[in-house]
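Here the structure is laid out as structure tokens; the discussion comes afterwards.
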Amino acid sequence: MEEIERLSEENQPQATNGAFHVPTVAELKAKGEEPELLFWVGCAGAFDDRYQKVTRDFVKILHKVGIKYAVLGTEESCTGDPAKRAGNEFVYQMQAMKNIEMLNGYNIKTIVTACPHCFNIFKNEYPELGGTYEVHHHSTFLQQLINEGRLKVADGGEFKGKTITFHDSCYLGRGNGIYEAPRKILEALDANLVEMRRNRSKGLCCGAGGAQMFKDAEKGDKEVNIERTEEALETNPSIIATACPFCMTMLTDGVKDKNKEQEVKVMDLAELIVKANNI
Amino acid sequence: MSKQLIFGLFLLLSLGLFTYTLFRLASFFRLTRKGFKVDRIGERITTTLLVAFGQTKILRKPVIGLMHALVYWGFMVITIGSLEMMIDGLAETERIFGSWGILYDFITASGDIFAAIIILSCFAFLARRHLMKVKRFSGVEMTTKSNMDATAALTMILILMFSLIGMNTGYLVNHRDDIVGSYPISSLLTGLVSVESAHMIQETNWWIHIVLIFVFLNILPYSKHFHIIMSIPNVFLTDLKPMTQMNNMASVTKEVKLMMDPNTAFAAPAEDAPPPERFGVKDIEDITWKNYTDSLTCTECGRCTSVCPANITGKLLSPRKIMIDTRKRMNDRGPGLSKDPNFDDGKSLVGDYITAEELWACTTCNACVQECPVNIDQVSLIMDMRRNLVMEESNAPKELVQMFTNIENNGSPWQFSPDDRMKWAEGLSLRT
Ligand code: SF4
Ligand code: SF4
């Protein structure tokens with residue numbers, strides 16, 4: 001994992017009441033500047049009601065730490081992952097080539113994203129089409145900020161003693177070997193981390209990957225997200241932590257289906273950090 | 001002399017038969033596509049040492065995994081003994097490796113002990129198959145033949161091991177004053193063998209053992225137990241990419257580049273261009289040689305299917321079935337197709353063997369790839385079949401067709417306007 005230490009800290013403009021503006025790459029370019037880090041928001045991060053909250057919390061952290069980042073704003077477009085996984089290589093490659101042209105045009109070197117599917121495709125599949133970047137998933141990125149002492153957690157004891165279970169996203173874990181970073185973050189929160197029966201490389205899918213998110217499931221005797229939610233609930237958690245927009249949707253739906261949404265919250269790592277730090 | 005002659009003829013016959021099988025397989029491989037590059041040799045050797053010789057993946061289920069690993073390691077040692085038996089048979093010698101001294105003691109002793117361990121394990125495996133209800137041993141793809149296959153192979157291995165111990169015991173009594181090698185298990189049984197019968201027992205078991213080895217060798221390629229031969233090469237050929245990395249279709253890249261380049265957009269295609277390959281996999285001629293190697297290696301153990309989220313929740317998809325069907329399709333169509341490139345039996349792999357419903361149930365979670373003890377890649381084949389459904393047959397669920405349109409028109413899989421992409425950033429502030 002590359003060091004993110006070199007990403008400088010500089011004070012981002014901020015109003016006295018704490019209000020701040022999220023800079024776009026185009027705005028920086030107009031000023032003759034380039035971002036050190038591109039935050040790739042992703043379609044779920046931009047449009048999904050629930051995941052917008054994660055996006056907002058993640059930029060709050062970026063702002064707090066003072067990293068010179070920017071987003072693409074309205075210029076961002078789907079990576080093409082759902083199309084590719086659904087077998088449509090044409091739509092995927094057209095999206096990828098357009099995106100790569102733009103990213104290379106802006107001289108983007110480093111990307112962070114809160115979506116494991118975007119992360120996987122940037123890291124593994126864009127290089128073959130001419131898009132080579134240093135790519136981070138927000139879980140490892142946040143964990144490194146904590147490691148380097150730039151981001152503090154758990155002073156308030158917000159999560160002390162609370163039971164949290166972590167659901168592995170297939171595209172992070174099995175796909176790219178990221179199992180420990182999210183768990184280290186949860187441990188830093190002083191939470192009581194409890195594992196599900198199937199965890200890490202044996203983790204069970206939430207049911208949304210491979211473009212399942214965008215279609216009805218085939219006939220069967222159960223939904224995959226229910227199977228996984230039941231397993232998560234067996235750990236008696238107060239929080240089910242996720243690091244993927246699709247896992248979040250599937251498990252949130254599962255918890256609702258089980259009428260447990262009062263007792264059990266499904267939350268992203270970035271949200272937990274913001275809550276712990278009162279950012 | 002006569003033993004030598006009979007054995008020589010027998011050896012010739014079995015190796016001849018085996019060669020025929022290899023030629024048959026080679027003709028099937030010739031039908032497949034390229035599309036898998038064997039690079040990163042160092043990493044491949046490490047993977048082979050760990051996963052094949054070290055049995056690391058089978059050990060993910062510790063108890064039954066250890067039993068399999070012991071059988072596997074036992075086979076390795078005992079194979080040295082089989083080699084010796086072959087030389088003995090041809091040269092009319094007895095225990096020709098006996099001059100190796102302490103090394104020979106080690107090999108014979110561990111072979112003798114492993115034979116006993118393998119006997120115990122095989123009984124346990126038979127019990128699991130026939131007395132216990134292990135869920136992963138059932139499923140639509142587990143035909144009677146497939147179950148009989150397993151039982152027959154286990155029985156044969158049992159006879160192989162009993163005859164080995166019988167041979168050793170006979171030898172110990174027969175040669176009581178000039179024993180070479182060490183036989184801790186067989187020496188416990190010498191009381192059962194009289195001096196008069198010892199030579200006969202040694203010889204009979206020698207023949208049973210060696211004949212069965214070659215019968216087994218010739219049956220293997222036609223059964224799931226071909227994995228005994230295929231698993232080491234297949235592990236060497238592991239797909240080393242990150243599991244969730246899907247390959248890039250170069251043929252599509254070419255077309256998309258042409259489409260996006262205004263200078264070539266309207267250029268006529270070159271006259272002498274070869275006819276384009278079919279997109280994705282529809283039938284056996286579209287799979288890569290690596291897909292076929294995978295299907296030949298599959299032991300039908302069902303570890304993949306037992307962790308498949310689609311299968312667990314009652315959907316039709318079973319990654320094991322994908323492998324079994326691929327192999328079966330090659331057996332059904334391969335012989336005709338290798339004689340006549342236009343051979344058509346009115347069927348195809350996708351449609352008649354594997355249905356679209358199965359293919360659409362996959363979440364690409366890669367749990368199957370993770371669990372497969374011989375590093376088979378089920379997912380890339382599933383995805384290539386999906387590609388065929390979508391790009392050749394326009395046979396995608398309607399919600400997915402809508403999703404494609406959304407991406408093309410709005411740059412998002414949902415129907416949102418790109419102008420709204422920054423809505424989330426309104427009114428942000430840090431607590432002060
Ligand atoms: S990748 Fe597909 S076939 Fe393999 S376990 Fe997951 S859902 Fe099943
Ligand atoms: S594909 Fe692998 S895990 Fe699945 S049945 Fe075959 S050998 Fe077993």
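Residues in the structure tokens are named by chain (A, B, ... in the order shown) and by number from 1 within that chain; ligands are numbered from 1 in the order shown.
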
**OP:** Kindly determine which residues of chain A lie within 7 Å of chain B, considering only C-alpha atoms, and give the answer as number ranges by chain.
**Re:** A: 17-20, 22, 43, 46-47, 52, 56, 60, 73-74, 77-78, 83, 86-91, 93-94, 124-125, 170-171, 174-176, 204-205, 207-210, 212, 214-215, 217-224, 279

For the residues selected in the previous step, produce a file with N, CA and C atoms as a compact mmCIF listing (two decimals), in the first residue's frame.
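Saved file again-v5.txt follows:
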```
# COMPACT_ATOMS: atom_id res chain seq x y z
N ASN A 17 -18.76 29.87 10.37
CA ASN A 17 -19.75 28.93 10.91
C ASN A 17 -19.45 27.49 10.50
N GLY A 18 -18.27 27.25 9.91
CA GLY A 18 -17.89 25.89 9.55
C GLY A 18 -18.30 25.50 8.15
N ALA A 19 -19.10 26.32 7.48
CA ALA A 19 -19.57 25.96 6.14
C ALA A 19 -18.39 25.91 5.18
N PHE A 20 -18.42 24.94 4.29
CA PHE A 20 -17.34 24.87 3.30
C PHE A 20 -17.87 24.43 1.95
N VAL A 22 -17.17 22.25 -1.61
CA VAL A 22 -16.41 21.13 -2.15
C VAL A 22 -15.85 21.53 -3.52
N CYS A 43 -21.66 6.74 -8.61
CA CYS A 43 -23.08 7.03 -8.85
C CYS A 43 -23.90 6.87 -7.58
N ALA A 46 -23.33 9.74 -5.31
CA ALA A 46 -23.91 11.00 -5.77
C ALA A 46 -25.44 10.98 -5.70
N PHE A 47 -26.05 9.84 -5.99
CA PHE A 47 -27.50 9.83 -6.18
C PHE A 47 -28.28 9.07 -5.11
N GLN A 52 -25.44 9.29 -0.03
CA GLN A 52 -25.03 10.70 -0.05
C GLN A 52 -24.49 11.12 1.32
N ARG A 56 -20.94 12.82 2.11
CA ARG A 56 -20.79 14.08 2.86
C ARG A 56 -19.83 13.88 4.04
N LYS A 60 -16.13 15.63 4.71
CA LYS A 60 -15.88 16.34 5.98
C LYS A 60 -14.53 15.92 6.54
N GLY A 73 -17.48 16.47 -9.91
CA GLY A 73 -18.79 17.13 -10.00
C GLY A 73 -19.62 16.58 -11.13
N THR A 74 -20.20 17.47 -11.91
CA THR A 74 -21.10 17.02 -12.97
C THR A 74 -20.35 16.35 -14.12
N SER A 77 -18.83 10.39 -14.40
CA SER A 77 -19.76 9.51 -15.10
C SER A 77 -19.50 8.08 -14.66
N CYS A 78 -20.49 7.23 -14.80
CA CYS A 78 -20.36 5.83 -14.36
C CYS A 78 -19.06 5.20 -14.87
N ALA A 83 -22.33 -2.33 -16.22
CA ALA A 83 -22.51 -2.81 -17.59
C ALA A 83 -21.59 -3.99 -17.87
N ALA A 86 -22.68 -7.06 -16.25
CA ALA A 86 -23.91 -7.59 -16.86
C ALA A 86 -23.63 -8.09 -18.27
N GLY A 87 -22.37 -8.14 -18.66
CA GLY A 87 -22.03 -8.74 -19.95
C GLY A 87 -21.95 -7.76 -21.11
N ASN A 88 -22.14 -6.45 -20.83
CA ASN A 88 -22.11 -5.50 -21.93
C ASN A 88 -20.76 -4.78 -21.99
N GLU A 89 -19.81 -5.42 -22.63
CA GLU A 89 -18.46 -4.89 -22.71
C GLU A 89 -18.41 -3.60 -23.54
N PHE A 90 -19.34 -3.43 -24.47
CA PHE A 90 -19.35 -2.21 -25.29
C PHE A 90 -19.62 -0.98 -24.45
N VAL A 91 -20.71 -1.03 -23.68
CA VAL A 91 -21.06 0.13 -22.86
C VAL A 91 -19.94 0.38 -21.85
N GLN A 93 -16.66 -0.30 -22.10
CA GLN A 93 -15.44 0.29 -22.68
C GLN A 93 -15.67 1.72 -23.16
N MET A 94 -16.87 2.02 -23.62
CA MET A 94 -17.12 3.41 -24.02
C MET A 94 -17.04 4.34 -22.82
N ASN A 124 -7.84 -2.36 -11.29
CA ASN A 124 -7.52 -3.57 -12.05
C ASN A 124 -7.85 -3.53 -13.53
N GLU A 125 -8.88 -2.77 -13.91
CA GLU A 125 -9.34 -2.91 -15.29
C GLU A 125 -9.06 -1.69 -16.17
N CYS A 170 -17.34 -8.20 -1.16
CA CYS A 170 -16.58 -9.18 -1.98
C CYS A 170 -15.49 -8.49 -2.80
N TYR A 171 -15.80 -7.30 -3.30
CA TYR A 171 -14.85 -6.62 -4.18
C TYR A 171 -13.68 -6.01 -3.41
N ARG A 174 -12.27 -10.61 -0.86
CA ARG A 174 -11.77 -11.63 -1.78
C ARG A 174 -11.16 -11.01 -3.03
N GLY A 175 -11.80 -9.96 -3.52
CA GLY A 175 -11.33 -9.37 -4.77
C GLY A 175 -9.97 -8.73 -4.65
N ASN A 176 -9.75 -7.97 -3.61
CA ASN A 176 -8.52 -7.20 -3.54
C ASN A 176 -7.78 -7.34 -2.21
N LEU A 204 -19.97 -14.01 3.24
CA LEU A 204 -21.05 -14.23 2.28
C LEU A 204 -21.42 -12.89 1.64
N CYS A 205 -21.62 -12.95 0.34
CA CYS A 205 -22.02 -11.79 -0.46
C CYS A 205 -23.33 -11.21 0.07
N GLY A 207 -25.44 -9.97 -1.96
CA GLY A 207 -26.41 -10.30 -3.01
C GLY A 207 -26.48 -9.27 -4.12
N ALA A 208 -25.73 -8.16 -4.03
CA ALA A 208 -25.89 -7.08 -5.00
C ALA A 208 -24.88 -7.08 -6.12
N GLY A 209 -23.76 -7.81 -5.95
CA GLY A 209 -22.68 -7.73 -6.95
C GLY A 209 -23.09 -8.30 -8.30
N GLY A 210 -22.19 -8.12 -9.27
CA GLY A 210 -22.42 -8.68 -10.59
C GLY A 210 -23.68 -8.15 -11.24
N GLN A 212 -26.46 -7.50 -9.93
CA GLN A 212 -27.72 -7.94 -9.30
C GLN A 212 -28.47 -6.75 -8.71
N PHE A 214 -29.21 -4.15 -9.94
CA PHE A 214 -30.08 -3.45 -10.90
C PHE A 214 -31.17 -4.34 -11.48
N LYS A 215 -31.34 -5.53 -10.93
CA LYS A 215 -32.39 -6.41 -11.45
C LYS A 215 -33.02 -7.20 -10.30
N ALA A 217 -33.96 -10.65 -8.37
CA ALA A 217 -33.23 -11.91 -8.21
C ALA A 217 -33.96 -13.02 -8.96
N GLU A 218 -33.22 -14.04 -9.34
CA GLU A 218 -33.83 -15.21 -9.95
C GLU A 218 -34.67 -15.93 -8.89
N LYS A 219 -35.50 -16.85 -9.38
CA LYS A 219 -36.36 -17.58 -8.46
C LYS A 219 -35.52 -18.44 -7.51
N GLY A 220 -35.88 -18.42 -6.24
CA GLY A 220 -35.18 -19.24 -5.26
C GLY A 220 -36.04 -19.36 -4.03
N ASP A 221 -35.47 -19.84 -2.89
CA ASP A 221 -36.34 -19.86 -1.73
C ASP A 221 -36.03 -18.78 -0.70
N LYS A 222 -35.09 -17.89 -1.04
CA LYS A 222 -34.73 -16.86 -0.09
C LYS A 222 -33.95 -15.77 -0.84
N GLU A 223 -33.96 -14.56 -0.29
CA GLU A 223 -33.11 -13.53 -0.87
C GLU A 223 -31.73 -13.62 -0.20
N VAL A 224 -30.68 -13.32 -0.98
CA VAL A 224 -29.33 -13.41 -0.42
C VAL A 224 -29.16 -12.41 0.73
N ILE A 279 -17.30 15.49 14.09
CA ILE A 279 -16.75 16.39 13.08
C ILE A 279 -17.86 17.23 12.45
```

Original post:
Can you list every residue in segment 83-201 of chain A that DSSP puts in helix (DSSP H, G or I), as a PyMOL selection string?
Top reply: chain A and resi 83-85+89-105+116-125+127-129+138-147+173-176+180-188+200-201

**OP:** List all protein, DNA and RNA residues that have at least one atom no more than 9 Å from any atom of ligand 2, counting only C-alpha atoms and all ligand atoms, and write them as a PyMOL selection string.
**Re:** chain B and resi 136+227+294-295+297-306+318-324+368-378

**OP:** Quick one: everything within 12 Å of Asn331 of chain B, counting only C-alpha atoms, minus sequence neighbours fewer than 3 positions away in the same chain. Send it as a PyMOL selection string.
**Re:** chain B and resi 24-25+27-29+221-223+284+292+295-296+324-328+334-338+349

Take the residues just selected and output them with C-alpha atoms as a PDB file, in the first residue's frame.
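Saved file out-v4.pdb follows:
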```pdb
ATOM      1  CA  ARG B  24      -8.300 -37.741 -28.049  1.00  0.00           C
ATOM      2  CA  LEU B  25      -7.931 -34.975 -25.457  1.00  0.00           C
ATOM      3  CA  SER B  27      -8.006 -33.115 -30.475  1.00  0.00           C
ATOM      4  CA  PHE B  28     -10.494 -31.539 -28.060  1.00  0.00           C
ATOM      5  CA  PHE B  29      -8.000 -28.932 -26.914  1.00  0.00           C
ATOM      6  CA  PRO B 221      -9.384 -39.525 -17.795  1.00  0.00           C
ATOM      7  CA  TYR B 222     -12.983 -40.654 -18.152  1.00  0.00           C
ATOM      8  CA  SER B 223     -13.923 -39.884 -14.564  1.00  0.00           C
ATOM      9  CA  ILE B 284     -17.558 -25.427 -26.762  1.00  0.00           C
ATOM     10  CA  TYR B 292     -11.318 -26.713 -20.687  1.00  0.00           C
ATOM     11  CA  SER B 295     -13.436 -28.539 -16.483  1.00  0.00           C
ATOM     12  CA  LEU B 296     -11.180 -31.595 -16.765  1.00  0.00           C
ATOM     13  CA  ILE B 324     -19.421 -30.552 -15.211  1.00  0.00           C
ATOM     14  CA  ASP B 325     -21.572 -29.312 -18.110  1.00  0.00           C
ATOM     15  CA  THR B 326     -18.594 -27.849 -19.936  1.00  0.00           C
ATOM     16  CA  ARG B 327     -16.763 -31.125 -19.749  1.00  0.00           C
ATOM     17  CA  LYS B 328     -19.857 -33.047 -20.765  1.00  0.00           C
ATOM     18  CA  GLY B 334     -15.941 -32.703 -29.402  1.00  0.00           C
ATOM     19  CA  PRO B 335     -15.645 -35.979 -31.338  1.00  0.00           C
ATOM     20  CA  GLY B 336     -17.910 -34.755 -34.168  1.00  0.00           C
ATOM     21  CA  LEU B 337     -16.464 -31.265 -34.246  1.00  0.00           C
ATOM     22  CA  SER B 338     -12.863 -32.397 -34.412  1.00  0.00           C
ATOM     23  CA  LEU B 349     -23.614 -25.288 -24.187  1.00  0.00           C
TER      24      LEU B 349
END
```

**OP:** For atom CA of Gly254 of chain A and atom CA of Lys61 of chain B, quote the distance in Å rounded to one decimal.
**Re:** 29.3 Å

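Secondary structure of segment 114-279 of chain A, strand (DSSP E) only (DSSP, backbone atoms): A:Glu134, A:Val135, A:His136, A:His137, A:Thr163, A:Ile164, A:Thr165, A:Phe166, A:Asn192, A:Leu193, A:Ile239, A:Ile240, A:Ala241, A:Thr242, A:Lys265, A:Val266, A:Met267, A:Asp268.
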
Mind dumping the selected residues with C-alpha atoms as a PDB file, in the first residue's frame?
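Saved result, result36.pdb, follows:
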```pdb
ATOM      1  CA  GLU A 134      -2.766   5.205  -7.662  1.00  0.00           C
ATOM      2  CA  VAL A 135      -6.117   4.051  -6.341  1.00  0.00           C
ATOM      3  CA  HIS A 136      -7.312   3.935  -2.746  1.00  0.00           C
ATOM      4  CA  HIS A 137     -10.483   2.664  -1.229  1.00  0.00           C
ATOM      5  CA  THR A 163     -21.159  -4.318  19.530  1.00  0.00           C
ATOM      6  CA  ILE A 164     -20.259  -3.793  15.900  1.00  0.00           C
ATOM      7  CA  THR A 165     -20.010  -6.474  13.258  1.00  0.00           C
ATOM      8  CA  PHE A 166     -18.298  -5.866   9.938  1.00  0.00           C
ATOM      9  CA  ASN A 192     -16.613  -4.423  20.622  1.00  0.00           C
ATOM     10  CA  LEU A 193     -15.938  -6.009  17.238  1.00  0.00           C
ATOM     11  CA  ILE A 239     -24.232  -1.533  14.339  1.00  0.00           C
ATOM     12  CA  ILE A 240     -23.543  -3.461  11.165  1.00  0.00           C
ATOM     13  CA  ALA A 241     -20.574  -1.705   9.564  1.00  0.00           C
ATOM     14  CA  THR A 242     -20.135  -1.728   5.794  1.00  0.00           C
ATOM     15  CA  LYS A 265     -28.095   0.578  12.396  1.00  0.00           C
ATOM     16  CA  VAL A 266     -26.215  -0.122   9.187  1.00  0.00           C
ATOM     17  CA  MET A 267     -23.401   2.414   8.926  1.00  0.00           C
ATOM     18  CA  ASP A 268     -20.369   3.122   6.805  1.00  0.00           C
TER      19      ASP A 268
END
```

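Every protein or nucleic acid residue with an atom no more than 9 Å from segment 114-130 of chain B, counting only C-alpha atoms and leaving out same-chain residues fewer than 4 positions away, appears here: Ile64, Met67, His68, Leu70, Val71, Tyr72, Trp73, Gly74, Phe75, Val77, Ile78, Ala109, Ser110, Val134, Phe137, Asn147, Ala150, Thr151, Leu154, Thr155, Ile157, Leu158, Ile159, Leu160, Met161, Phe162, Leu164, Ile165 and Ile185 of chain B.
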
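The gap separating atom CA of Thr144 of chain B from atom CA of His209 of chain B is 27.6 Å, in Å to one decimal.
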
Subject >> Surrounding residues of Val54 of chain A excluding itself and chain neighbours under 6 positions, 9 Å, only C-alpha atoms, as number ranges by chain >> reply: A: 45, 114, 245, 267-271

Original post:
Asp345 of chain B: which residues within 8 Å, counting only C-alpha atoms, same-chain residues fewer than 2 positions away excluded, as a ChimeraX atom specification?
Top reply: /B:333,343,347

Which polymer residues have any atom within 7 Å of an atom of Tyr179 of chain A, counting only C-alpha atoms, with same-chain residues fewer than 3 positions away left out, as an mmCIF file with C-alpha atoms, in the first residue's frame?
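Output saved as out_2.cif:
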```
data_model
loop_
_atom_site.group_PDB
_atom_site.id
_atom_site.type_symbol
_atom_site.label_atom_id
_atom_site.label_comp_id
_atom_site.auth_asym_id
_atom_site.auth_seq_id
_atom_site.Cartn_x
_atom_site.Cartn_y
_atom_site.Cartn_z
ATOM 1 C CA GLY A 173 -12.011 -8.642 0.497
ATOM 2 C CA PRO A 182 -11.812 -1.760 8.062
ATOM 3 C CA ARG A 200 -13.106 -12.410 5.702
#
```
